[in-house]
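Working notes, structure below.
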Amino acid sequence: MYRLNEEKVFYDIAEGQAVVINFTTGVYYAFSSLGSEVLDRLVKGDSFECVLKAVQACDGCPEGMAVQLKAYISRLIDAEIILETPEAGNTNADPLPGNALMDGFELFVDEHSEVKDILMADPIHDVDVDMGWPIMKEDN
Amino acid sequence: MPGVSVIIPAYNAADYIGEAVESILAQNYQDLEIIVVDDGSEDGTADTLKRFPMVRLVKIPHSGIAAARNTGISLAGGELIAFVDADDRWKKDKLELQLRYLQLHPEKAMVLTRYRNFTDLPEKSLSKEQKELLGREVGRLMVTALIRRELFDSYGLFDPSLVYSEDTEWMIRVDLRRPDAMYKLDDFLYERRIHNRNITLTHDNISLEMMRPLYAKALLNLRKEEKK
């Protein structure tokens, strides 16, 4: 199974849209609706087979979903969003909620680094006392 | 159309709201409207406001400060929005100085001020935490700001799902998209009252662990706005 790489990233999901922030790199990640749902299930302990079964149970699921899902999970591991663990994981495949397919069956994760200075600044300790703004790192 | 819409979210604020309104009416700048959003008060807050016929009072079922502020924004006619908490008060040149700054700096969209905590409580009744708060000013306080409405149009309203730090989360959204939009005047123009019923002061000691979820929430809210 998999778990969130809590040492490096923070994860939240609202209304079927997930966001992950890596506070060590300042990069954040946004996901397709199905990508959000899959990530949410993985960090809650669902196994690969269990997630695949839930997706494949949806009308219109394209062929080759197993390959797509495997590639997507590899991408999440490469980005250090999730870690693989030796435990077996849940096997109960609950049906996907309606909003999981808002973007169709696409499984993607977008990487964003345009606000890394803000995300990497420590808003508690790196704050200018007079202005209250995080002190941004100088560009190299 | 007024130049500035001043929004006061109020919940059981009968003891103090009169002083807040008086401090707005005493402003040097007077092209303004005052909107009080009574968030289901049960202490006669609305009755206290009867002596201020120029105040527009709107009553809503108790929904929290974010929803109350959002109601005020939706009713505001001004292109500039300011907030006052019902138990606080302004210095009389607050709006004048903030407006002057925004007129001179059209590239800025939000101007904050410094603030001082004060209290009417007898000194011997103050707790250790209250005494510490009196001498402290923490970074940016959204409620001190004069804000161009365009920021709410672009980045959304306050998130009503947040019980506190909804103002911090909203400012993070602005930081993430327009990091140069804000400026803080070096003048003490806002007075924040310390009393025995403050709901937010206990969150002044916000930690990194508390900030991270707010950044994530801000990114989620921005994404939602940008999909509209």
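Chain labels run A, B, ... following the order of the structure tokens; each chain numbers its residues from 1, and ligands are numbered from 1 in the order shown.
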
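For B:Glu123, the list of residues within 12 Å, based on only C-alpha atoms and with local chain neighbours fewer than 6 positions off taken out, reads Gln130, Lys131, Leu134, Ile194 and His195 of chain B.
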
Next item on the list: For B:Ala68, please output as a ChimeraX atom specification all residues within 7 Å (counting only C-alpha atoms; exclusion window: fewer than 3 positions along the same chain).
Entry: /B:9,37,39,63-65,71-72

Generate the output file for the selected residues, C-alpha atoms, as a CSV table (one decimal), in the first residue's frame.
chain,number,residue,atom,x,y,z
B,9,PRO,CA,-19.7,41.8,11.4
B,37,VAL,CA,-24.1,42.4,9.5
B,39,ASP,CA,-24.7,37.5,12.8
B,63,SER,CA,-23.1,31.7,10.4
B,64,GLY,CA,-19.7,32.9,11.6
B,65,ILE,CA,-17.5,35.8,10.8
B,71,THR,CA,-22.7,39.2,3.3
B,72,GLY,CA,-21.4,42.7,3.9

Next item on the list: Could you list the residues in chain B lying within 9 Å of chain A, using only C-alpha atoms, and format the result as JSON, numbers by chain?
Entry: {"B": [114, 138, 139, 140, 141, 175, 176, 177, 179, 183, 184, 185, 186, 206, 207, 208, 211, 212, 213, 215, 216, 217, 219, 220, 221, 223, 224]}

Check: Looking at only C-alpha atoms, which of A:Leu69, A:Glu7, A:Gly35, A:Leu101 is the one that sits closest to A:Glu49?
Finding: A:Leu69

Notebook entry, point to check: So which bits of chain A end up strand (DSSP E or B) when you DSSP the backbone, as a count of residues only?
Noted result: 31

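Every protein, DNA or RNA residue with an atom at most 8 Å from A:Glu84, where only C-alpha atoms count and chain neighbours fewer than 6 positions away do not, is listed here: Met1, Tyr2, Arg3 and Ile77 of chain A.
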
Next item on the list: Tell me, as a VMD selection string, which residues lie within 9 Å of B:Gly3, counting only C-alpha atoms; anything in the same chain fewer than 4 positions away does not count.
Entry: chain B and resid 30 to 33 77 to 81

What would the file look like if the residues just selected were written as a PDB file, in the first residue's frame with C-alpha atoms?
ATOM      1  CA  GLN B  30     -16.740  60.813   5.180  1.00  0.00           C
ATOM      2  CA  ASP B  31     -17.767  59.557   1.731  1.00  0.00           C
ATOM      3  CA  LEU B  32     -18.658  56.189   3.156  1.00  0.00           C
ATOM      4  CA  GLU B  33     -21.435  53.788   4.022  1.00  0.00           C
ATOM      5  CA  GLY B  77     -21.617  49.773  -3.007  1.00  0.00           C
ATOM      6  CA  GLY B  78     -18.076  51.138  -2.674  1.00  0.00           C
ATOM      7  CA  GLU B  79     -15.109  50.239  -4.810  1.00  0.00           C
ATOM      8  CA  LEU B  80     -13.100  50.191  -1.604  1.00  0.00           C
ATOM      9  CA  ILE B  81     -13.914  47.907   1.311  1.00  0.00           C
TER      10      ILE B  81
END

Next item on the list: Run DSSP on the backbone and give me the residues of stretch 102-228 of chain B it puts in alpha helix (DSSP H), as a ChimeraX atom specification.
Entry: /B:102-104,128-134,150-155,166-177,208-227

Item checked: Long-range neighbours of B:Val174 as a list in words, 10 Å cut-off, only C-alpha atoms, 6 positions minimum in chain ->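 The neighbour list is Ala109, Met110, Leu151, Phe152, Ser154, Tyr155, Gly156, Thr168, Asp180, Ala181, Met182, Ala218 and Leu222 of chain B.
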
Distance query A:Leu76 at most 9 Å, only C-alpha atoms, self and fewer than 5 positions along chain excluded, as a PDB file with N, CA and C atoms, in the first residue's frame:
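And here is the file that came out, result_17.pdb:
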ATOM      1  N   LEU A  39      -5.632   9.695  -5.477  1.00  0.00           N
ATOM      2  CA  LEU A  39      -4.659  10.058  -4.435  1.00  0.00           C
ATOM      3  C   LEU A  39      -5.296   9.933  -3.049  1.00  0.00           C
ATOM      4  N   ALA A  71       1.158   4.062 -13.982  1.00  0.00           N
ATOM      5  CA  ALA A  71       2.034   5.176 -14.357  1.00  0.00           C
ATOM      6  C   ALA A  71       1.779   6.394 -13.467  1.00  0.00           C
ATOM      7  N   ILE A  81       5.344  12.466  -3.310  1.00  0.00           N
ATOM      8  CA  ILE A  81       4.052  12.776  -2.688  1.00  0.00           C
ATOM      9  C   ILE A  81       3.596  11.605  -1.820  1.00  0.00           C
ATOM     10  N   ILE A  82       3.778  10.395  -2.331  1.00  0.00           N
ATOM     11  CA  ILE A  82       3.432   9.201  -1.549  1.00  0.00           C
ATOM     12  C   ILE A  82       4.644   8.274  -1.486  1.00  0.00           C
ATOM     13  N   LEU A  83       4.609   7.401  -0.505  1.00  0.00           N
ATOM     14  CA  LEU A  83       5.662   6.388  -0.347  1.00  0.00           C
ATOM     15  C   LEU A  83       4.993   5.018  -0.370  1.00  0.00           C
ATOM     16  N   VAL A 109      -1.256  14.873 -12.814  1.00  0.00           N
ATOM     17  CA  VAL A 109      -0.823  15.754 -11.727  1.00  0.00           C
ATOM     18  C   VAL A 109      -0.001  16.870 -12.373  1.00  0.00           C
TER      19      VAL A 109
END

Next item on the list: Pick out the closest residue to B:Arg178 from this set: B:Ala46, B:Asn12, B:Glu150, B:Leu99. Count only C-alpha atoms.
Entry: B:Glu150

Check: Closest to A:Ala88 among A:Pro62, A:Gly45, A:Gly104, A:Gly16, using only C-alpha atoms?
Finding: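 Answer, going by the shortest atom-to-atom distance: A:Gly45.
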
Item checked: Nearby residues (only C-alpha atoms) at most 7 Å from A:Val51, same-chain spacing under 4 positions excluded, as a list in words ->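 Here the qualifying residues turn out to be Val38, Asp46, Ser47, Val55 and Ala93 of chain A.
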
Next item on the list: Could you jot down the atom CA of A:Asp103 to atom CA of B:Lys227 separation for me, Å, one decimal place?
Entry: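 Calculated distance between atom CA of A:Asp103 and atom CA of B:Lys227 is 12.3 Å.
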